[in-house]
Amino acid sequence: MTTLMSKPVSAPGKSIIERLNIVTALVLGAVSAFVVWRLALQFLPGDTEVRLFTREDKITLLSMIAWFVGFMTGIGALVGPFRWLMGKDLSHDENMFLAGKDMGINRYFRYTTDHKVVGIQYLIITMVIFGIGGILAMLIRTNLGTPEGGWIHPQAYNSIVGTHGIIMIVGTIIMVTGPFGNFIMPIMIGARDMAFPRLNALSFWLIVAAAVPLIWAQFIGGISTGWSAYNPLAGQAPLGMNGYIMFICIFAISTMVAGANITTTIVRMRAKGMTWNRTPIFIYGIMASVALALPAFPVFFLSQVMSGMDRALDTSFYNTAGGGSGWLYENLFWIMGHPEVYVILIPAVAALMEMAPVFTRRPLFSFNVAVMGIAGISGLSVLVWAHHMYISGWAPLLNAPFMLTTELISIPTGMLFLVLVGTLWRGRLWMTMPTLSIFALLWNFMIGGVTGIYLSDVPADAFLHGSMYVTAHFHYTLMGAGLTGALAALVYWFPKMTGRMFDKKLSWISFWLVQIGFNVTFLGMFTVGLAGQPRRVESYASTFNTGNMITTIGAYVIMVGMLVLLHGVISSWRSGEKAPMNPWQAKTLEWTVANPIPLENFDVLPTVTSDAYGYGKAQS
Amino acid sequence: MTDLMNSKKPQWWKSPDVKKTAILWAVCTALVGYVGTEFHVRSIVEPASETMSGVIDLMRIFTWAAAPVAGLVFAMCLTVLTSKRHYGDNPPAEADHQISNSPRANAVWIVVSALLCLFALITGLIVLQKDSEAVLESTAIQMNVTGSQWVWSFDYPNGARSEDLYLPVDKPVVFHITSVDVKHSFWIVQMGIKMDANPGAITEAAVTPNKIGVFDVRCAELCGLLHAYMQTKVHVVSQSDYDKWVTEHAALEGRA
């Protein structure tokens, strides 16, 4: 715990900290939103100009900001900073209370600072996000089962596509660094908690606060612009767009806070003796991911602030009539958007690299190449954004240089393949769901990667851009590679996080259903993309029938697989076999702590004398 | 890559798993190359311009260039998967070696991927250069394209105007594309060209249709409620039919 060197404050009776929880947060948030909404309705001057929505936009945004401030106050995010303003700090007891000492289930509904609680909170919210995003995906696929679409109104359909997109992006961004980066990472590096435990709680509750504007948006017109919310389309979209803007702004703060926290923790708090070449590769993956988010998300935040100002204050950042440019938005968006896909991908691949030696009982192959690969991808990924804009007409002369940087990324990406396949080679294969996931990742990521080469090529992209081919490509990378790694991580670390083994049979069944369904879905989607079906359409020419039908069938198979997985999580968590301390006989530090893990992880902080990959028999 | 560093067994290529992988590599490469190209070529639209044929050729080339790499990864996976597998709740015995690196394998892998990358880049640049020069073609028909929610309209050099596009075969066309409201993307599917229509700016794209027939124009950028329906047809006709058509339509516009 970080206790500053100030005098402890004695808390008479029940301190304010003990009274705050999710209920006070929801109440305070709702009340502030309502009050500000009434006040704004009363006092904001009416529109004098032609623009239709400006006043309503102002009212909506102000109410959402009020919700945000009310919720964060109600959850207790301001208690610490307020004490500091008064020149005091939290007492030791209060810090222990915040860490969730002896609080049972209640600590999951409070501003709890223990990294293990935050990790579980992240796991749950990730699952909720995937659940909602998955339902939206099924609505999309069902609507596209027949060419006429028909049963979903185009406006609602566009909104479903946009919401599915943005929440799946958010879900995949947090799916590894959230649950495992928070729960596992500090133990893995031999630390008692994160560097900034309160920031850790803050980053989680910001996501909860952000969720409400997004849900709110669905009732005031939805997000009918796709997840990229390009201007000027976003400027003419209904009020729901404000929900998107608020959601992104709050989520961006959360990501920046988590990024600063995790980076500091990894740099400063590794156990004695854990030099950089003894640091597990998963830690590198986590760090690359959150470090990339640090330059990316402030830009995202900014792009949405400007979007909100264009809507509510009649500025003209993106509005051509007033001298702005939609290209500015595209640039800002993709300066975030391309590093962001590696924010998702790198930790998932790194998690599988961490598991590969465990399940082949041999050392990780070429640790240095793995680090180079991760570093190379991270470095290049901030230089490739305009490959999303090859055909935007923004700067045709820049197409060649961006094609160069984009294709260069295949070199460090290839290194990740080398490390994985090299580690499998001549290993003793222990068949588990994570082991299967390594093979699935190699297959899916190969398809995602090679189709990425076609897309990186400007002339080929002139045909493929904006078609279903692109949609299939990025699902292969983000879902086929990213989510596959995250699900393997869930099964692998489940025993440490819950104290119980994940039901083996269910993990295998869901693995095969999800992987087969996934490949059917998105191979089918490639074919309709090649045949010329654009993205984000709610109806299509009858020539695309077969491909779409196959895709929809595949999607239902994925759904069944995911439901099996959900059943596995719930049943294993409730009544699974009790897990031993180190069920996989792995050598990283998180397996050296007892189940359940004590509040501060280690009584005596460990000292590290070698890397964590000392498997295999020494040859004589 | 194999354990090239193992100095005790200099003839590493003679070990059975290496031989097996080598055979599988050849098989997988052929399969990936063949299935990959067939998958693309059979799904993709019939080309109606050189540009589109070029795109299809690029896909063929890239698929075959990627095939050995993908083939090697899949071959190694297959070798591993078909060797002894351990099921059960406890870990198998440790592997019988502790190889954690192979500088030679790393170097070969990185050099080969760099060369492939360079190859892809050069191939792409050659085609890109050709496509970018096409917009400068002085003999081309200069056509103005305007996207608006949710129709395309086309202005011909002689003042004719239409909502479905007429083009003469084998004659270069340069499109000057813009939008009056939000961003659209002008895509002539079978001709392999696409360019965004931006409000307040004019972008350019060029193509030479080489087949008589009716082809598809679709909007490839989400542009609001009826984005899915923002499509029209391109009629590629002979030069004389085209001349007749534009003259008639120019007269129509003049009367209106």
# chains A, B, ... in the order shown; residues from 1 in each chain; ligands from 1

$ residues_around --residues "Met549 (chain A)" --least-positions-apart "6" --cutoff "10 Å" --atoms "only C-alpha atoms" --output "VMD selection string"
chain A and resid 141 to 142 144 to 147 521 524 to 525 555

$ write_last_selection --atoms "N, CA and C atoms" --output "compact mmCIF listing (two decimals), in the first residue's frame"
# COMPACT_ATOMS: atom_id res chain seq x y z
N ARG A 141 -26.03 -10.47 -37.71
CA ARG A 141 -25.95 -11.64 -38.58
C ARG A 141 -27.34 -12.18 -38.92
N THR A 142 -28.26 -12.09 -37.97
CA THR A 142 -29.60 -12.58 -38.27
C THR A 142 -30.26 -11.70 -39.31
N LEU A 144 -28.76 -10.10 -41.56
CA LEU A 144 -28.10 -10.33 -42.85
C LEU A 144 -28.30 -11.75 -43.35
N GLY A 145 -29.07 -12.56 -42.61
CA GLY A 145 -29.32 -13.92 -43.06
C GLY A 145 -30.08 -13.95 -44.37
N THR A 146 -30.90 -12.95 -44.58
CA THR A 146 -31.64 -12.84 -45.83
C THR A 146 -31.27 -11.52 -46.50
N PRO A 147 -31.26 -11.48 -47.84
CA PRO A 147 -30.77 -10.28 -48.53
C PRO A 147 -31.58 -9.03 -48.22
N THR A 521 -17.61 -18.55 -40.23
CA THR A 521 -18.17 -17.20 -40.33
C THR A 521 -17.31 -16.31 -41.21
N GLY A 524 -16.44 -17.26 -44.89
CA GLY A 524 -17.61 -16.89 -45.69
C GLY A 524 -17.66 -15.41 -45.95
N MET A 525 -17.27 -14.63 -44.94
CA MET A 525 -17.31 -13.18 -45.10
C MET A 525 -16.27 -12.68 -46.10
N ALA A 555 -21.90 -17.85 -37.35
CA ALA A 555 -22.06 -16.98 -36.19
C ALA A 555 -22.87 -17.68 -35.10

$ residues_around --residues "Arg574 (chain A)" --least-positions-apart "6" --cutoff "12 Å" --atoms "only C-alpha atoms" --output "MDAnalysis selection string"
chainID A and resid 498:503 567:568

$ residues_around --residues "Gly192 (chain B)" --least-positions-apart "4" --cutoff "9 Å" --atoms "only C-alpha atoms" --output "list in words"
Pro459, Ala460, Ala462, Phe463 and Leu464 of chain A; Pro47, Ala48, Ser49, Glu50, Thr51, Met52, Ser53, Gly54, Val55, Trp187, Ile188 and Val207 of chain B

$ write_last_selection --atoms "N, CA and C atoms" --output "mmCIF file, in the first residue's frame"
data_model
loop_
_atom_site.group_PDB
_atom_site.id
_atom_site.type_symbol
_atom_site.label_atom_id
_atom_site.label_comp_id
_atom_site.auth_asym_id
_atom_site.auth_seq_id
_atom_site.Cartn_x
_atom_site.Cartn_y
_atom_site.Cartn_z
ATOM 1 N N PRO A 459 -3.002 -0.590 -54.491
ATOM 2 C CA PRO A 459 -3.914 -0.962 -55.587
ATOM 3 C C PRO A 459 -4.930 -2.032 -55.168
ATOM 4 N N ALA A 460 -4.494 -3.029 -54.398
ATOM 5 C CA ALA A 460 -5.454 -4.048 -53.971
ATOM 6 C C ALA A 460 -6.457 -3.445 -53.001
ATOM 7 N N ALA A 462 -7.572 -0.510 -53.068
ATOM 8 C CA ALA A 462 -8.555 0.286 -53.810
ATOM 9 C C ALA A 462 -9.768 -0.568 -54.163
ATOM 10 N N PHE A 463 -9.559 -1.871 -54.290
ATOM 11 C CA PHE A 463 -10.717 -2.744 -54.487
ATOM 12 C C PHE A 463 -11.322 -3.183 -53.151
ATOM 13 N N LEU A 464 -10.455 -3.543 -52.193
ATOM 14 C CA LEU A 464 -10.948 -4.213 -50.979
ATOM 15 C C LEU A 464 -11.475 -3.263 -49.911
ATOM 16 N N PRO B 47 -13.226 -9.297 -63.730
ATOM 17 C CA PRO B 47 -12.663 -7.962 -63.960
ATOM 18 C C PRO B 47 -13.246 -7.315 -65.214
ATOM 19 N N ALA B 48 -13.413 -5.982 -65.141
ATOM 20 C CA ALA B 48 -13.899 -5.250 -66.307
ATOM 21 C C ALA B 48 -12.933 -4.130 -66.646
ATOM 22 N N SER B 49 -11.697 -4.234 -66.155
ATOM 23 C CA SER B 49 -10.670 -3.250 -66.501
ATOM 24 C C SER B 49 -9.308 -3.865 -66.227
ATOM 25 N N GLU B 50 -8.278 -3.266 -66.819
ATOM 26 C CA GLU B 50 -6.899 -3.682 -66.559
ATOM 27 C C GLU B 50 -6.585 -3.556 -65.085
ATOM 28 N N THR B 51 -7.071 -2.465 -64.469
ATOM 29 C CA THR B 51 -6.804 -2.220 -63.056
ATOM 30 C C THR B 51 -7.250 -3.402 -62.211
ATOM 31 N N MET B 52 -8.469 -3.870 -62.490
ATOM 32 C CA MET B 52 -8.996 -4.983 -61.711
ATOM 33 C C MET B 52 -8.222 -6.268 -61.980
ATOM 34 N N SER B 53 -7.850 -6.495 -63.241
ATOM 35 C CA SER B 53 -7.037 -7.682 -63.526
ATOM 36 C C SER B 53 -5.725 -7.597 -62.756
ATOM 37 N N GLY B 54 -5.199 -6.357 -62.670
ATOM 38 C CA GLY B 54 -3.968 -6.155 -61.907
ATOM 39 C C GLY B 54 -4.138 -6.529 -60.448
ATOM 40 N N VAL B 55 -5.285 -6.171 -59.852
ATOM 41 C CA VAL B 55 -5.548 -6.501 -58.448
ATOM 42 C C VAL B 55 -5.562 -8.017 -58.268
ATOM 43 N N TRP B 187 -17.254 3.499 -55.668
ATOM 44 C CA TRP B 187 -16.630 2.210 -55.934
ATOM 45 C C TRP B 187 -17.258 1.602 -57.187
ATOM 46 N N ILE B 188 -16.458 1.483 -58.269
ATOM 47 C CA ILE B 188 -16.921 0.688 -59.410
ATOM 48 C C ILE B 188 -16.365 -0.709 -59.191
ATOM 49 N N VAL B 207 -9.731 5.095 -64.667
ATOM 50 C CA VAL B 207 -9.813 3.708 -65.087
ATOM 51 C C VAL B 207 -10.094 3.660 -66.587
#

$ residues_around --residues "Leu513 (chain A)" --least-positions-apart "4" --cutoff "9 Å" --atoms "only C-alpha atoms" --output "list in words"
Trp508, Ile509, Gly517, Phe518, Val557, Ile558, Met559, Val560, Gly561, Met562 and Val564 of chain A

$ closest_residue --among "B:Val217, B:Val234, B:Val73, B:Ala250" --to "chain A" --atoms "only C-alpha atoms"
B:Val73

$ closest_residue --among "B:Ala140, B:Val35, B:Val135, B:Ala26" --to "Phe74 (chain B)" --atoms "only C-alpha atoms"
B:Ala26

$ select_by_dssp --residues "region 118-238 of chain B" --states "helix (DSSP H, G or I)" --output "number ranges by chain"
B: 118-134, 189-191, 227-229

$ interface_residues --of "chain B" --to "chain A" --cutoff "6 Å" --atoms "only C-alpha atoms" --output "MDAnalysis selection string"
chainID B and resid 43:45 55 85:87 94:98 100:101 113 124 128 182 192:196 200 203 220 225 228

$ write_last_selection --atoms "N, CA and C atoms" --output "JSON list (two decimals), in the first residue's frame"
[["chain", "number", "residue", "atom", "x", "y", "z"],
["B", 43, "SER", "N", -13.83, -16.33, -55.81],
["B", 43, "SER", "CA", -14.83, -15.48, -55.14],
["B", 43, "SER", "C", -14.91, -14.10, -55.78],
["B", 44, "ILE", "N", -13.77, -13.65, -56.29],
["B", 44, "ILE", "CA", -13.69, -12.25, -56.69],
["B", 44, "ILE", "C", -14.50, -12.02, -57.97],
["B", 45, "VAL", "N", -14.91, -10.75, -58.16],
["B", 45, "VAL", "CA", -15.72, -10.42, -59.34],
["B", 45, "VAL", "C", -14.94, -10.57, -60.64],
["B", 55, "VAL", "N", -5.29, -6.17, -59.85],
["B", 55, "VAL", "CA", -5.55, -6.50, -58.45],
["B", 55, "VAL", "C", -5.56, -8.02, -58.27],
["B", 85, "ARG", "N", 1.57, -36.95, -28.10],
["B", 85, "ARG", "CA", 0.81, -35.96, -27.35],
["B", 85, "ARG", "C", 0.48, -36.51, -25.97],
["B", 86, "HIS", "N", 0.46, -35.62, -25.00],
["B", 86, "HIS", "CA", 0.19, -36.05, -23.64],
["B", 86, "HIS", "C", -1.15, -35.49, -23.19],
["B", 87, "TYR", "N", -2.05, -36.38, -22.81],
["B", 87, "TYR", "CA", -3.32, -35.93, -22.24],
["B", 87, "TYR", "C", -3.25, -36.19, -20.74],
["B", 94, "GLU", "N", 9.63, -33.58, -18.79],
["B", 94, "GLU", "CA", 10.25, -32.43, -19.44],
["B", 94, "GLU", "C", 10.77, -32.83, -20.82],
["B", 95, "ALA", "N", 10.81, -31.86, -21.73],
["B", 95, "ALA", "CA", 11.41, -32.12, -23.04],
["B", 95, "ALA", "C", 12.88, -32.48, -22.84],
["B", 96, "ASP", "N", 13.43, -33.21, -23.82],
["B", 96, "ASP", "CA", 14.79, -33.72, -23.60],
["B", 96, "ASP", "C", 15.88, -32.77, -24.09],
["B", 97, "HIS", "N", 15.59, -31.52, -24.12],
["B", 97, "HIS", "CA", 16.62, -30.54, -24.48],
["B", 97, "HIS", "C", 16.27, -29.23, -23.82],
["B", 98, "GLN", "N", 17.19, -28.29, -23.87],
["B", 98, "GLN", "CA", 16.93, -26.98, -23.27],
["B", 98, "GLN", "C", 17.25, -25.87, -24.26],
["B", 100, "SER", "N", 17.07, -22.77, -26.19],
["B", 100, "SER", "CA", 16.26, -21.57, -25.99],
["B", 100, "SER", "C", 16.61, -20.52, -27.03],
["B", 101, "ASN", "N", 17.46, -20.87, -27.97],
["B", 101, "ASN", "CA", 17.77, -19.89, -29.00],
["B", 101, "ASN", "C", 18.46, -20.56, -30.17],
["B", 113, "SER", "N", 12.00, -12.83, -44.17],
["B", 113, "SER", "CA", 10.77, -12.02, -44.09],
["B", 113, "SER", "C", 11.02, -10.61, -44.59],
["B", 124, "GLY", "N", 3.96, -3.77, -55.28],
["B", 124, "GLY", "CA", 2.87, -2.83, -55.06],
["B", 124, "GLY", "C", 3.18, -1.47, -55.66],
["B", 128, "LEU", "N", 1.12, 0.76, -58.26],
["B", 128, "LEU", "CA", 0.64, 2.05, -57.75],
["B", 128, "LEU", "C", 1.06, 3.19, -58.67],
["B", 182, "VAL", "N", -22.23, 14.26, -46.64],
["B", 182, "VAL", "CA", -21.25, 13.56, -45.81],
["B", 182, "VAL", "C", -20.30, 12.81, -46.73],
["B", 192, "GLY", "N", -12.35, -2.28, -60.07],
["B", 192, "GLY", "CA", -11.28, -2.23, -59.07],
["B", 192, "GLY", "C", -10.83, -0.83, -58.70],
["B", 193, "ILE", "N", -11.71, 0.16, -58.84],
["B", 193, "ILE", "CA", -11.31, 1.48, -58.35],
["B", 193, "ILE", "C", -12.29, 1.96, -57.30],
["B", 194, "LYS", "N", -11.74, 2.74, -56.38],
["B", 194, "LYS", "CA", -12.56, 3.26, -55.31],
["B", 194, "LYS", "C", -11.92, 4.56, -54.86],
["B", 195, "MET", "N", -12.74, 5.58, -54.62],
["B", 195, "MET", "CA", -12.20, 6.84, -54.11],
["B", 195, "MET", "C", -13.28, 7.52, -53.29],
["B", 196, "ASP", "N", -12.88, 8.06, -52.15],
["B", 196, "ASP", "CA", -13.86, 8.73, -51.29],
["B", 196, "ASP", "C", -14.36, 10.01, -51.93],
["B", 200, "GLY", "N", -16.61, 19.39, -49.93],
["B", 200, "GLY", "CA", -15.65, 20.49, -49.92],
["B", 200, "GLY", "C", -14.30, 20.17, -50.53],
["B", 203, "THR", "N", -11.61, 14.74, -55.29],
["B", 203, "THR", "CA", -10.59, 13.71, -55.38],
["B", 203, "THR", "C", -10.68, 13.08, -56.76],
["B", 220, "ALA", "N", -19.08, 2.78, -50.62],
["B", 220, "ALA", "CA", -18.31, 1.93, -49.71],
["B", 220, "ALA", "C", -17.98, 2.62, -48.39],
["B", 225, "LEU", "N", -28.64, 6.67, -43.25],
["B", 225, "LEU", "CA", -29.77, 5.74, -43.23],
["B", 225, "LEU", "C", -29.78, 4.75, -44.39],
["B", 228, "ALA", "N", -26.94, 1.36, -47.66],
["B", 228, "ALA", "CA", -26.97, 0.07, -48.36],
["B", 228, "ALA", "C", -27.59, 0.19, -49.75]]

$ residues_around --residues "region 30-32 of chain B" --least-positions-apart "4" --cutoff "7 Å" --atoms "only C-alpha atoms" --output "list in words"
Ala26, Gly36, Ala67 and Gly71 of chain B

$ write_last_selection --atoms "C-alpha atoms" --output "mmCIF file, in the first residue's frame"
data_model
loop_
_atom_site.group_PDB
_atom_site.id
_atom_site.type_symbol
_atom_site.label_atom_id
_atom_site.label_comp_id
_atom_site.auth_asym_id
_atom_site.auth_seq_id
_atom_site.Cartn_x
_atom_site.Cartn_y
_atom_site.Cartn_z
ATOM 1 C CA ALA B 26 6.310 -28.844 -49.629
ATOM 2 C CA GLY B 36 -5.394 -19.496 -51.314
ATOM 3 C CA ALA B 67 2.680 -19.686 -49.165
ATOM 4 C CA GLY B 71 3.436 -23.617 -45.296
#

$ decode --residues "region 385-456 of chain A" --atoms "C-alpha atoms" --output "PDB file, in the first residue's frame"
ATOM      1  CA  TRP A 385      -2.312   5.069 -39.410  1.00  0.00           C
ATOM      2  CA  ALA A 386      -2.910   6.530 -42.881  1.00  0.00           C
ATOM      3  CA  HIS A 387      -3.219   3.087 -44.479  1.00  0.00           C
ATOM      4  CA  HIS A 388      -6.840   3.449 -43.370  1.00  0.00           C
ATOM      5  CA  MET A 389      -6.969   6.515 -45.618  1.00  0.00           C
ATOM      6  CA  TYR A 390      -5.356   5.264 -48.856  1.00  0.00           C
ATOM      7  CA  ILE A 391      -8.509   5.970 -50.791  1.00  0.00           C
ATOM      8  CA  SER A 392      -9.717   8.963 -48.813  1.00  0.00           C
ATOM      9  CA  GLY A 393      -7.973  11.273 -51.254  1.00  0.00           C
ATOM     10  CA  TRP A 394      -6.340  13.104 -48.364  1.00  0.00           C
ATOM     11  CA  ALA A 395      -2.761  12.783 -49.574  1.00  0.00           C
ATOM     12  CA  PRO A 396      -2.176  10.424 -52.481  1.00  0.00           C
ATOM     13  CA  LEU A 397       1.545  11.153 -52.333  1.00  0.00           C
ATOM     14  CA  LEU A 398       1.734   9.632 -48.850  1.00  0.00           C
ATOM     15  CA  ASN A 399       0.300   6.304 -49.975  1.00  0.00           C
ATOM     16  CA  ALA A 400       3.696   4.887 -50.881  1.00  0.00           C
ATOM     17  CA  PRO A 401       5.423   5.733 -47.566  1.00  0.00           C
ATOM     18  CA  PHE A 402       2.479   4.412 -45.552  1.00  0.00           C
ATOM     19  CA  MET A 403       2.515   1.259 -47.638  1.00  0.00           C
ATOM     20  CA  LEU A 404       6.188   0.906 -46.693  1.00  0.00           C
ATOM     21  CA  THR A 405       5.650   1.264 -42.929  1.00  0.00           C
ATOM     22  CA  THR A 406       2.624  -1.019 -43.031  1.00  0.00           C
ATOM     23  CA  GLU A 407       4.436  -3.784 -44.846  1.00  0.00           C
ATOM     24  CA  LEU A 408       7.460  -3.402 -42.570  1.00  0.00           C
ATOM     25  CA  ILE A 409       5.231  -4.463 -39.664  1.00  0.00           C
ATOM     26  CA  SER A 410       5.147  -7.934 -41.188  1.00  0.00           C
ATOM     27  CA  ILE A 411       8.783  -8.380 -40.096  1.00  0.00           C
ATOM     28  CA  PRO A 412       8.293  -8.014 -36.308  1.00  0.00           C
ATOM     29  CA  THR A 413       4.977  -9.851 -36.634  1.00  0.00           C
ATOM     30  CA  GLY A 414       6.843 -12.701 -38.290  1.00  0.00           C
ATOM     31  CA  MET A 415       9.132 -12.779 -35.256  1.00  0.00           C
ATOM     32  CA  LEU A 416       6.176 -13.570 -33.026  1.00  0.00           C
ATOM     33  CA  PHE A 417       5.358 -16.527 -35.286  1.00  0.00           C
ATOM     34  CA  LEU A 418       8.969 -17.705 -35.119  1.00  0.00           C
ATOM     35  CA  VAL A 419       8.942 -17.625 -31.326  1.00  0.00           C
ATOM     36  CA  LEU A 420       5.681 -19.550 -31.032  1.00  0.00           C
ATOM     37  CA  VAL A 421       6.434 -22.167 -33.633  1.00  0.00           C
ATOM     38  CA  GLY A 422      10.010 -22.469 -32.395  1.00  0.00           C
ATOM     39  CA  THR A 423       8.741 -23.127 -28.886  1.00  0.00           C
ATOM     40  CA  LEU A 424       6.341 -25.813 -30.086  1.00  0.00           C
ATOM     41  CA  TRP A 425       9.111 -27.536 -32.034  1.00  0.00           C
ATOM     42  CA  ARG A 426      10.444 -30.614 -30.212  1.00  0.00           C
ATOM     43  CA  GLY A 427       8.395 -29.868 -27.164  1.00  0.00           C
ATOM     44  CA  ARG A 428       6.439 -32.417 -25.142  1.00  0.00           C
ATOM     45  CA  LEU A 429       2.959 -31.428 -26.095  1.00  0.00           C
ATOM     46  CA  TRP A 430       0.581 -31.333 -23.124  1.00  0.00           C
ATOM     47  CA  MET A 431      -2.850 -31.140 -24.687  1.00  0.00           C
ATOM     48  CA  THR A 432      -4.982 -28.550 -22.916  1.00  0.00           C
ATOM     49  CA  MET A 433      -7.299 -25.843 -24.141  1.00  0.00           C
ATOM     50  CA  PRO A 434      -4.484 -23.228 -23.995  1.00  0.00           C
ATOM     51  CA  THR A 435      -2.234 -25.558 -26.038  1.00  0.00           C
ATOM     52  CA  LEU A 436      -4.912 -25.905 -28.690  1.00  0.00           C
ATOM     53  CA  SER A 437      -5.281 -22.138 -28.621  1.00  0.00           C
ATOM     54  CA  ILE A 438      -1.644 -21.695 -29.618  1.00  0.00           C
ATOM     55  CA  PHE A 439      -2.297 -23.695 -32.786  1.00  0.00           C
ATOM     56  CA  ALA A 440      -5.566 -21.852 -33.368  1.00  0.00           C
ATOM     57  CA  LEU A 441      -3.767 -18.548 -33.027  1.00  0.00           C
ATOM     58  CA  LEU A 442      -1.087 -19.583 -35.527  1.00  0.00           C
ATOM     59  CA  TRP A 443      -3.793 -20.567 -38.023  1.00  0.00           C
ATOM     60  CA  ASN A 444      -6.073 -17.563 -37.531  1.00  0.00           C
ATOM     61  CA  PHE A 445      -3.304 -15.013 -37.235  1.00  0.00           C
ATOM     62  CA  MET A 446      -1.666 -16.385 -40.381  1.00  0.00           C
ATOM     63  CA  ILE A 447      -4.894 -15.798 -42.303  1.00  0.00           C
ATOM     64  CA  GLY A 448      -5.368 -12.407 -40.667  1.00  0.00           C
ATOM     65  CA  GLY A 449      -1.763 -11.476 -41.384  1.00  0.00           C
ATOM     66  CA  VAL A 450      -1.624 -12.567 -45.013  1.00  0.00           C
ATOM     67  CA  THR A 451      -4.927 -10.874 -45.852  1.00  0.00           C
ATOM     68  CA  GLY A 452      -3.414  -7.838 -44.143  1.00  0.00           C
ATOM     69  CA  ILE A 453      -0.674  -7.856 -46.773  1.00  0.00           C
ATOM     70  CA  TYR A 454      -3.263  -7.608 -49.560  1.00  0.00           C
ATOM     71  CA  LEU A 455      -4.928  -4.751 -47.729  1.00  0.00           C
ATOM     72  CA  SER A 456      -1.642  -2.943 -47.126  1.00  0.00           C
TER      73      SER A 456
END
